[in-house]
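A.B. asks: Structure file input.pdb (PDB, C-alpha atoms) is given on the next line.
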```
ATOM      1  CA  MET A   2       0.000   0.000   0.000
ATOM      2  CA  PRO A   3       1.235   3.556  -0.675
ATOM      3  CA  SER A   4       2.659   5.441   2.285
ATOM      4  CA  ALA A   5       1.400   8.797   3.551
ATOM      5  CA  ALA A   6       4.397  10.623   2.058
ATOM      6  CA  PRO A   7       3.465  13.494  -0.248
ATOM      7  CA  SER A   8       4.011  12.949  -3.947
ATOM      8  CA  ALA A   9       6.244  15.200  -6.046
ATOM      9  CA  PRO A  10       4.243  17.390  -8.444
ATOM     10  CA  PHE A  11       4.257  16.532 -12.133
ATOM     11  CA  GLN A  12       6.393  18.742 -14.356
ATOM     12  CA  PRO A  13       6.440  17.490 -17.967
ATOM     13  CA  SER A  14       9.742  16.281 -19.397
ATOM     14  CA  GLY A  15       8.446  15.528 -22.891
ATOM     15  CA  VAL A  16       8.967  11.773 -22.451
ATOM     16  CA  ILE A  17       6.061   9.403 -23.187
ATOM     17  CA  THR A  18       6.209   5.635 -22.741
ATOM     18  CA  LEU A  19       3.869   3.256 -24.531
ATOM     19  CA  THR A  20       2.795  -0.169 -23.267
ATOM     20  CA  THR A  21       0.219  -2.156 -25.242
ATOM     21  CA  ASP A  22      -0.866  -5.596 -26.391
ATOM     22  CA  PHE A  23      -0.946  -4.409 -30.022
ATOM     23  CA  GLY A  24       2.131  -6.269 -31.245
ATOM     24  CA  HIS A  25       3.984  -5.099 -34.368
ATOM     25  CA  LYS A  26       2.148  -6.875 -37.187
ATOM     26  CA  ASP A  27      -0.418  -4.100 -37.618
ATOM     27  CA  PRO A  28       0.003  -0.298 -37.770
ATOM     28  CA  PHE A  29      -1.685   0.406 -34.416
ATOM     29  CA  VAL A  30       1.495   1.381 -32.539
ATOM     30  CA  GLY A  31       2.748   3.549 -35.382
ATOM     31  CA  VAL A  32      -0.575   5.346 -35.659
ATOM     32  CA  MET A  33      -0.572   6.073 -31.921
ATOM     33  CA  LYS A  34       2.878   7.606 -32.257
ATOM     34  CA  GLY A  35       1.707   9.630 -35.232
ATOM     35  CA  GLN A  36      -1.140  11.066 -33.196
ATOM     36  CA  VAL A  37       1.276  12.077 -30.450
ATOM     37  CA  LEU A  38       3.697  13.710 -32.887
ATOM     38  CA  ARG A  39       0.935  15.623 -34.701
ATOM     39  CA  ARG A  40       0.209  17.458 -31.481
ATOM     40  CA  PHE A  41       3.678  17.479 -29.967
ATOM     41  CA  PRO A  42       6.469  17.017 -32.552
ATOM     42  CA  ALA A  43       9.177  17.312 -29.866
ATOM     43  CA  ALA A  44       7.839  14.341 -27.889
ATOM     44  CA  ARG A  45      10.348  11.645 -26.977
ATOM     45  CA  LEU A  46       8.577   8.320 -27.358
ATOM     46  CA  VAL A  47       9.749   5.119 -25.692
ATOM     47  CA  ASP A  48       8.245   1.714 -26.435
ATOM     48  CA  LEU A  49       8.185  -0.097 -23.112
ATOM     49  CA  THR A  50       6.591  -3.149 -24.726
ATOM     50  CA  HIS A  51       3.879  -3.950 -27.220
ATOM     51  CA  GLU A  52       3.983  -7.689 -26.610
ATOM     52  CA  ILE A  53       1.700  -7.892 -23.566
ATOM     53  CA  LEU A  54      -0.509 -10.965 -23.758
ATOM     54  CA  VAL A  55      -3.664  -9.769 -25.493
ATOM     55  CA  HIS A  56      -6.499  -8.808 -23.171
ATOM     56  CA  TRP A  57      -4.326  -9.381 -20.042
ATOM     57  CA  PRO A  58      -4.036  -6.065 -18.117
ATOM     58  CA  PRO A  59      -2.149  -7.550 -15.110
ATOM     59  CA  GLU A  60       0.950  -8.130 -17.221
ATOM     60  CA  ALA A  61       0.996  -4.518 -18.389
ATOM     61  CA  GLY A  62       0.650  -3.285 -14.823
ATOM     62  CA  PHE A  63       3.378  -5.673 -13.669
ATOM     63  CA  TRP A  64       5.911  -4.344 -16.157
ATOM     64  CA  LEU A  65       4.938  -0.705 -15.828
ATOM     65  CA  GLY A  66       5.063  -0.879 -12.031
ATOM     66  CA  ARG A  67       8.586  -2.290 -12.156
ATOM     67  CA  SER A  68       9.873  -0.034 -14.921
ATOM     68  CA  PHE A  69       8.670   3.515 -14.304
ATOM     69  CA  ARG A  70      11.460   4.435 -11.885
ATOM     70  CA  TYR A  71      13.988   4.030 -14.681
ATOM     71  CA  PHE A  72      12.428   7.048 -16.421
ATOM     72  CA  PRO A  73      12.926  10.726 -15.625
ATOM     73  CA  SER A  74      10.527  12.696 -13.522
ATOM     74  CA  GLY A  75       7.849  14.229 -15.705
ATOM     75  CA  THR A  76       7.310  11.134 -17.842
ATOM     76  CA  VAL A  77       3.811  10.327 -19.109
ATOM     77  CA  HIS A  78       3.204   6.575 -19.155
ATOM     78  CA  VAL A  79       0.437   5.314 -21.449
ATOM     79  CA  ALA A  80      -0.711   1.708 -21.103
ATOM     80  CA  VAL A  81      -3.450   0.352 -23.353
ATOM     81  CA  VAL A  82      -4.547  -3.228 -22.762
ATOM     82  CA  ASP A  83      -8.230  -2.723 -23.090
ATOM     83  CA  PRO A  84     -10.649  -5.627 -23.574
ATOM     84  CA  GLY A  85     -13.460  -3.250 -22.578
ATOM     85  CA  VAL A  86     -12.697  -0.597 -25.198
ATOM     86  CA  GLY A  87     -15.822   1.254 -26.291
ATOM     87  CA  SER A  88     -17.763   0.228 -23.184
ATOM     88  CA  SER A  89     -18.653   2.387 -20.194
ATOM     89  CA  ARG A  90     -15.281   1.737 -18.526
ATOM     90  CA  ASP A  91     -13.464   4.890 -17.455
ATOM     91  CA  VAL A  92     -10.017   6.168 -18.326
ATOM     92  CA  ALA A  93      -7.892   6.280 -15.179
ATOM     93  CA  VAL A  94      -5.141   8.760 -14.431
ATOM     94  CA  VAL A  95      -2.605   8.344 -11.639
ATOM     95  CA  GLU A  96      -0.274  11.161 -10.636
ATOM     96  CA  ALA A  97       2.530  10.034  -8.338
ATOM     97  CA  GLU A  98       6.220  10.589  -7.676
ATOM     98  CA  GLY A  99       6.446  13.225 -10.385
ATOM     99  CA  GLN A 100       5.055  10.954 -13.100
ATOM    100  CA  LEU A 101       1.696  10.383 -14.783
ATOM    101  CA  PHE A 102       0.034   7.112 -15.741
ATOM    102  CA  LEU A 103      -2.897   6.823 -18.176
ATOM    103  CA  ALA A 104      -4.724   3.540 -18.701
ATOM    104  CA  PRO A 105      -8.178   2.028 -18.953
ATOM    105  CA  ASP A 106      -9.688   1.683 -15.503
ATOM    106  CA  ASN A 107      -9.777  -2.102 -15.686
ATOM    107  CA  GLY A 108      -7.300  -3.138 -13.017
ATOM    108  CA  LEU A 109      -4.212  -2.454 -15.120
ATOM    109  CA  LEU A 110      -2.845   0.256 -12.831
ATOM    110  CA  ALA A 111      -3.049  -1.924  -9.731
ATOM    111  CA  GLY A 112       0.467  -3.104 -10.541
ATOM    112  CA  VAL A 113       1.656   0.503 -10.414
ATOM    113  CA  LEU A 114      -0.210   1.512  -7.273
ATOM    114  CA  GLU A 115       1.282  -1.332  -5.238
ATOM    115  CA  ARG A 116       4.803  -0.155  -6.116
ATOM    116  CA  LEU A 117       4.427   3.501  -5.155
ATOM    117  CA  VAL A 118       6.102   4.897  -2.050
ATOM    118  CA  ALA A 119       4.128   8.150  -2.086
ATOM    119  CA  THR A 120       0.427   8.787  -1.923
ATOM    120  CA  PRO A 121      -0.952   8.984  -5.489
ATOM    121  CA  ILE A 122      -3.652  11.268  -6.820
ATOM    122  CA  LEU A 123      -6.279   9.242  -8.673
ATOM    123  CA  ARG A 124      -8.487  10.801 -11.320
ATOM    124  CA  ARG A 125     -11.105   9.808 -13.849
ATOM    125  CA  LEU A 126     -10.776  11.442 -17.261
ATOM    126  CA  ASP A 127     -13.768  13.681 -17.903
ATOM    127  CA  ASP A 128     -15.395  13.698 -21.329
ATOM    128  CA  SER A 129     -15.252  17.489 -21.369
ATOM    129  CA  VAL A 130     -11.452  17.269 -21.672
ATOM    130  CA  LEU A 131     -11.818  15.405 -24.935
ATOM    131  CA  ARG A 132     -14.223  17.987 -26.306
ATOM    132  CA  ASP A 133     -11.820  20.784 -25.339
ATOM    133  CA  LEU A 134      -9.091  18.971 -27.277
ATOM    134  CA  GLY A 135     -11.300  18.711 -30.360
ATOM    135  CA  ILE A 136     -11.988  15.002 -29.877
ATOM    136  CA  HIS A 137     -15.700  14.635 -30.565
ATOM    137  CA  GLN A 138     -16.204  11.176 -32.031
ATOM    138  CA  PRO A 139     -13.518   8.723 -30.871
ATOM    139  CA  SER A 140     -13.637   5.290 -32.422
ATOM    140  CA  ALA A 141     -15.349   2.609 -30.350
ATOM    141  CA  THR A 142     -12.433   0.228 -30.939
ATOM    142  CA  PHE A 143      -9.208   2.298 -30.953
ATOM    143  CA  HIS A 144      -8.997   4.559 -27.917
ATOM    144  CA  GLY A 145      -5.213   4.292 -27.993
ATOM    145  CA  ARG A 146      -5.249   6.443 -31.115
ATOM    146  CA  ASP A 147      -8.248   8.651 -30.429
ATOM    147  CA  ILE A 148      -8.026   9.291 -26.667
ATOM    148  CA  PHE A 149      -4.829   8.128 -24.985
ATOM    149  CA  ALA A 150      -2.337   9.431 -27.567
ATOM    150  CA  PRO A 151      -3.794  12.967 -27.869
ATOM    151  CA  VAL A 152      -4.201  13.361 -24.095
ATOM    152  CA  ALA A 153      -0.671  12.098 -23.461
ATOM    153  CA  ALA A 154       0.716  14.528 -26.053
ATOM    154  CA  GLU A 155      -0.986  17.525 -24.438
ATOM    155  CA  LEU A 156       0.222  16.489 -20.982
ATOM    156  CA  ALA A 157       3.797  15.898 -22.141
ATOM    157  CA  ALA A 158       3.803  19.263 -23.911
ATOM    158  CA  GLY A 159       2.647  21.029 -20.743
ATOM    159  CA  ARG A 160      -0.493  22.434 -22.373
ATOM    160  CA  LEU A 161      -2.758  20.260 -20.238
ATOM    161  CA  ARG A 162      -2.290  19.992 -16.492
ATOM    162  CA  PRO A 163      -3.156  16.840 -14.517
ATOM    163  CA  GLU A 164      -5.613  18.712 -12.309
ATOM    164  CA  ALA A 165      -7.634  19.641 -15.411
ATOM    165  CA  LEU A 166      -8.166  16.018 -16.458
ATOM    166  CA  GLY A 167     -11.162  15.265 -14.292
ATOM    167  CA  PRO A 168     -12.435  14.617 -10.793
ATOM    168  CA  VAL A 169     -10.350  13.029  -8.080
ATOM    169  CA  VAL A 170     -11.585   9.566  -7.136
ATOM    170  CA  ARG A 171     -10.871   7.444  -4.069
ATOM    171  CA  GLU A 172     -10.093   4.182  -5.807
ATOM    172  CA  LEU A 173      -9.673   2.451  -9.134
ATOM    173  CA  VAL A 174     -10.836  -0.945 -10.336
ATOM    174  CA  PRO A 175      -8.790  -3.551  -8.411
ATOM    175  CA  GLY A 176      -6.265  -5.850 -10.018
ATOM    176  CA  TRP A 177      -7.171  -9.237 -11.420
ATOM    177  CA  LEU A 178      -4.698 -11.327  -9.414
ATOM    178  CA  ASP A 179      -5.081 -12.206  -5.747
ATOM    179  CA  GLU A 180      -2.453 -10.782  -3.426
ATOM    180  CA  PRO A 181       0.275 -13.189  -2.272
ATOM    181  CA  THR A 182      -0.373 -14.864   1.069
ATOM    182  CA  LEU A 183       2.025 -15.901   3.804
ATOM    183  CA  ALA A 184       0.672 -18.438   6.283
ATOM    184  CA  GLY A 185       2.384 -21.026   8.441
ATOM    185  CA  GLY A 186       5.749 -20.003   7.042
ATOM    186  CA  GLN A 187       4.608 -20.796   3.498
ATOM    187  CA  LEU A 188       4.281 -18.177   0.771
ATOM    188  CA  SER A 189       1.753 -18.548  -2.060
ATOM    189  CA  GLY A 190       1.630 -16.513  -5.243
ATOM    190  CA  ALA A 191       1.154 -16.818  -8.980
ATOM    191  CA  VAL A 192       2.874 -16.442 -12.320
ATOM    192  CA  VAL A 193       2.141 -13.027 -13.807
ATOM    193  CA  THR A 194       3.975 -13.331 -17.084
ATOM    194  CA  VAL A 195       6.266 -15.509 -19.179
ATOM    195  CA  ASP A 196       9.180 -13.625 -20.709
ATOM    196  CA  HIS A 197      10.900 -14.080 -24.076
ATOM    197  CA  PHE A 198      13.161 -16.785 -22.651
ATOM    198  CA  GLY A 199      10.321 -18.841 -21.176
ATOM    199  CA  ASN A 200      11.081 -17.727 -17.629
ATOM    200  CA  LEU A 201       8.127 -17.620 -15.242
ATOM    201  CA  LEU A 202       7.883 -14.255 -13.476
ATOM    202  CA  THR A 203       5.767 -14.177 -10.339
ATOM    203  CA  ASN A 204       4.043 -11.652  -8.103
ATOM    204  CA  LEU A 205       6.323 -12.606  -5.208
ATOM    205  CA  ASP A 206       8.752  -9.811  -4.363
ATOM    206  CA  ALA A 207      12.160 -10.415  -2.820
ATOM    207  CA  ALA A 208      11.030  -9.021   0.528
ATOM    208  CA  LEU A 209       8.244 -11.581   0.738
ATOM    209  CA  VAL A 210      10.491 -14.471  -0.275
ATOM    210  CA  GLY A 211      12.981 -13.313   2.353
ATOM    211  CA  GLN A 212      10.413 -14.060   5.054
ATOM    212  CA  VAL A 213      10.627 -17.801   4.305
ATOM    213  CA  ALA A 214      13.541 -19.564   5.961
ATOM    214  CA  THR A 215      15.801 -21.531   3.558
ATOM    215  CA  PRO A 216      13.204 -21.295   0.769
ATOM    216  CA  VAL A 217      12.352 -23.981  -1.741
ATOM    217  CA  VAL A 218      10.109 -23.067  -4.673
ATOM    218  CA  ARG A 219       7.353 -25.470  -5.714
ATOM    219  CA  ALA A 220       6.124 -25.137  -9.282
ATOM    220  CA  GLY A 221       4.632 -27.629 -11.715
ATOM    221  CA  GLY A 222       5.325 -30.585  -9.446
ATOM    222  CA  GLN A 223       9.000 -29.665  -9.026
ATOM    223  CA  GLU A 224      10.814 -28.415  -5.950
ATOM    224  CA  ILE A 225      13.558 -25.988  -6.851
ATOM    225  CA  LEU A 226      16.218 -24.404  -4.665
ATOM    226  CA  LEU A 227      16.701 -20.649  -4.692
ATOM    227  CA  ARG A 228      19.964 -19.673  -6.391
ATOM    228  CA  ARG A 229      21.722 -16.424  -7.298
ATOM    229  CA  THR A 230      21.826 -16.710 -11.088
ATOM    230  CA  TYR A 231      21.162 -19.006 -14.057
ATOM    231  CA  SER A 232      24.708 -20.377 -14.262
ATOM    232  CA  ASP A 233      24.456 -21.825 -10.755
ATOM    233  CA  VAL A 234      22.836 -24.924 -12.301
ATOM    234  CA  ARG A 235      23.645 -27.105 -15.296
ATOM    235  CA  PRO A 236      21.949 -26.551 -18.687
ATOM    236  CA  GLY A 237      18.445 -27.992 -18.655
ATOM    237  CA  GLU A 238      18.060 -27.806 -14.871
ATOM    238  CA  TYR A 239      15.471 -25.626 -13.180
ATOM    239  CA  VAL A 240      16.487 -22.704 -11.027
ATOM    240  CA  ALA A 241      14.616 -20.193  -8.870
ATOM    241  CA  LEU A 242      16.084 -16.748  -8.323
ATOM    242  CA  ILE A 243      15.304 -13.132  -7.541
ATOM    243  CA  ASN A 244      15.608 -11.426 -10.907
ATOM    244  CA  SER A 245      16.748  -7.945 -11.936
ATOM    245  CA  PHE A 246      13.270  -6.520 -11.270
ATOM    246  CA  GLY A 247      13.237  -7.843  -7.704
ATOM    247  CA  VAL A 248      10.696 -10.645  -8.143
ATOM    248  CA  LEU A 249      10.867 -14.400  -7.844
ATOM    249  CA  GLU A 250      11.521 -16.053 -11.194
ATOM    250  CA  VAL A 251      11.482 -19.717 -12.124
ATOM    251  CA  ALA A 252      13.817 -20.472 -15.006
ATOM    252  CA  ARG A 253      15.441 -23.410 -16.787
ATOM    253  CA  ALA A 254      19.075 -22.932 -17.712
ATOM    254  CA  GLU A 255      19.349 -22.405 -21.475
ATOM    255  CA  LYS A 256      15.804 -23.708 -21.968
ATOM    256  CA  SER A 257      12.191 -22.660 -21.365
ATOM    257  CA  ALA A 258      10.807 -23.229 -17.884
ATOM    258  CA  ALA A 259       7.295 -22.526 -19.162
ATOM    259  CA  GLU A 260       7.509 -25.335 -21.726
ATOM    260  CA  GLY A 261       9.300 -27.731 -19.439
ATOM    261  CA  LEU A 262       6.891 -27.321 -16.550
ATOM    262  CA  GLY A 263       3.791 -26.791 -18.665
ATOM    263  CA  LEU A 264       2.986 -23.594 -16.779
ATOM    264  CA  GLY A 265       1.776 -20.155 -17.813
ATOM    265  CA  ARG A 266       0.088 -17.080 -16.450
ATOM    266  CA  CYS A 267      -1.861 -17.522 -13.188
ATOM    267  CA  ALA A 268      -0.117 -20.828 -12.395
ATOM    268  CA  PRO A 269       0.331 -21.240  -8.632
ATOM    269  CA  ILE A 270       3.790 -20.823  -7.112
ATOM    270  CA  VAL A 271       4.539 -21.840  -3.525
ATOM    271  CA  VAL A 272       7.646 -21.032  -1.489
ATOM    272  CA  SER A 273       8.196 -23.262   1.544
ATOM    273  CA  PRO A 274      10.995 -23.783   4.069
ATOM    274  CA  ARG A 275      13.480 -26.330   2.772
ATOM    275  CA  HIS A 276      12.717 -28.877   5.495
ATOM    276  CA  CYS A 277       9.171 -29.138   4.083
ATOM    277  CA  ALA A 278      10.381 -30.249   0.661
ATOM    278  CA  ALA A 279      10.418 -33.915  -0.266
ATOM    279  CA  LYS A 280      13.166 -33.635  -2.892
ATOM    280  CA  ARG A 281      15.666 -31.214  -4.341
ATOM    281  CA  ILE A 282      15.881 -30.432  -8.029
ATOM    282  CA  GLY A 283      18.327 -27.925  -9.476
TER     283      GLY A 283
END
```
Let me see the file written as structure tokens.
C.D. replies:
Amino acid sequence: MPSAAPSAPFQPSGVITLTTDFGHKDPFVGVMKGQVLRRFPAARLVDLTHEILVHWPPEAGFWLGRSFRYFPSGTVHVAVVDPGVGSSRDVAVVEAEGQLFLAPDNGLLAGVLERLVATPILRRLDDSVLRDLGIHQPSATFHGRDIFAPVAAELAAGRLRPEALGPVVRELVPGWLDEPTLAGGQLSGAVVTVDHFGNLLTNLDAALVGQVATPVVRAGGQEILLRRTYSDVRPGEYVALINSFGVLEVARAEKSAAEGLGLGRCAPIVVSPRHCAAKRIG
């Protein structure tokens, strides 16, 4: 949960990040960038990723929540993974730690909110803002182009202030994944995403894993010791480690853990004290 510390005010830097499930086969990402540059030619656009699993907001929130601190203060982060596009769902805006986050209010930003150390300001984008920007008939199926890109451009350019976006709200739609639980010395969580290498990335942070004495990770019927890095095991063996983003990862040296274990998103992951494990693998 965010602390009670005040959040630094947003001062635009001109940087905009884009996170979507659009992929690169179609022109959707390019058109979004075009819309930004039409309004703000000096914008500096960064593709965080466009390979989020389609219709899976938790993955976008996971990566955005663990990436935003690598960007300068004043960055506008746009995340569009939007299975409810064109419906009555709101557009959510989070202002925190000198940065802005725009996304559909569908649970995506839960992954950001849980990573903040300052109290955020939560807003709902008001339709009047769109009218003031000359946006009168947005498509029912491409809000990334017609709403998110223009609003992000105006914010990054400093022509639109966060406080003018809409009313402050007390909460946003909650995330889709259950919070990790720690009971009886055993930690339970889930796989959030599978990366390019087939590694299973979980919602278990290092601090949580550190509360389990001599931890053994249980995944897909295997029991895997926690190591420091991939080369601590032989090729083909499974390994559990705290990765560069500070979360528990289950990997298979030089191979895909996802394929080997037959696991994917939402698969359960359990961390137990070593004395509870029946066997050691890796």
A.B. asks: Have a look at A:Gly159, A:Gly176, A:Pro105, A:Pro269 and name the one nearest to Pro13 in chain A; count only C-alpha atoms.
C.D. replies: A:Gly159
A.B. asks: Specify as a list in words each residue included when the PyMOL selection byres ((chain A and resi 67-74) around 7) is applied to this file.
C.D. replies: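 Output of the PyMOL selection byres ((chain A and resi 67-74) around 7): Ser14, Phe63, Trp64, Leu65, Gly66, Gly75, Thr76, Gly99, Gln100 and Phe246 of chain A.
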A.B. asks: What does the structure give for the distance between CA of His56 in chain A and CA of Leu101 in chain A, in Å to one decimal?
C.D. replies: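 These two atoms are separated by 22.5 Å.
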A.B. asks: Between CA of Leu49 in chain A and CA of Ser89 in chain A, what is the spacing in Å?
C.D. replies: 27.1 Å
A.B. asks: I need the residue nearest Ala191 in chain A from this list: A:Arg146, A:Arg228, A:Arg266, A:Arg253. Use all atoms listed in the file for the distance.
C.D. replies: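 Of all the options, A:Arg266 lies closest to Ala191 in chain A.
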A.B. asks: Which residue, A:Arg235, A:Arg116, A:Lys34, A:His144, has the smallest gap to Val81 in chain A when you use all atoms listed in the file?
C.D. replies: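 Under the stated criterion, the closest residue is A:His144.
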A.B. asks: What is the CA of Ala9 in chain A-CA of Val94 in chain A distance in Å, reported with one decimal?
C.D. replies: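 CA of Ala9 in chain A sits 15.5 Å away from CA of Val94 in chain A.
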A.B. asks: At a cut-off of 12 Å around the point (-1.2, 7.2, -3.1) (file coordinates), what residues fall inside when counting only C-alpha atoms? I'd like the answer as a PyMOL selection string.
C.D. replies: chain A and resi 2-9+95-98+111+113-124+169-173
A.B. asks: Generate the output file for the selected residues, C-alpha atoms, as a compact mmCIF listing (two decimals), in the frame of the given file.
C.D. replies:
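To be explicit, this is the file written out as selection.txt:
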```txt
# COMPACT_ATOMS: atom_id res chain seq x y z
CA MET A 2 0.00 0.00 0.00
CA PRO A 3 1.24 3.56 -0.68
CA SER A 4 2.66 5.44 2.28
CA ALA A 5 1.40 8.80 3.55
CA ALA A 6 4.40 10.62 2.06
CA PRO A 7 3.46 13.49 -0.25
CA SER A 8 4.01 12.95 -3.95
CA ALA A 9 6.24 15.20 -6.05
CA VAL A 95 -2.60 8.34 -11.64
CA GLU A 96 -0.27 11.16 -10.64
CA ALA A 97 2.53 10.03 -8.34
CA GLU A 98 6.22 10.59 -7.68
CA ALA A 111 -3.05 -1.92 -9.73
CA VAL A 113 1.66 0.50 -10.41
CA LEU A 114 -0.21 1.51 -7.27
CA GLU A 115 1.28 -1.33 -5.24
CA ARG A 116 4.80 -0.16 -6.12
CA LEU A 117 4.43 3.50 -5.16
CA VAL A 118 6.10 4.90 -2.05
CA ALA A 119 4.13 8.15 -2.09
CA THR A 120 0.43 8.79 -1.92
CA PRO A 121 -0.95 8.98 -5.49
CA ILE A 122 -3.65 11.27 -6.82
CA LEU A 123 -6.28 9.24 -8.67
CA ARG A 124 -8.49 10.80 -11.32
CA VAL A 169 -10.35 13.03 -8.08
CA VAL A 170 -11.58 9.57 -7.14
CA ARG A 171 -10.87 7.44 -4.07
CA GLU A 172 -10.09 4.18 -5.81
CA LEU A 173 -9.67 2.45 -9.13
```
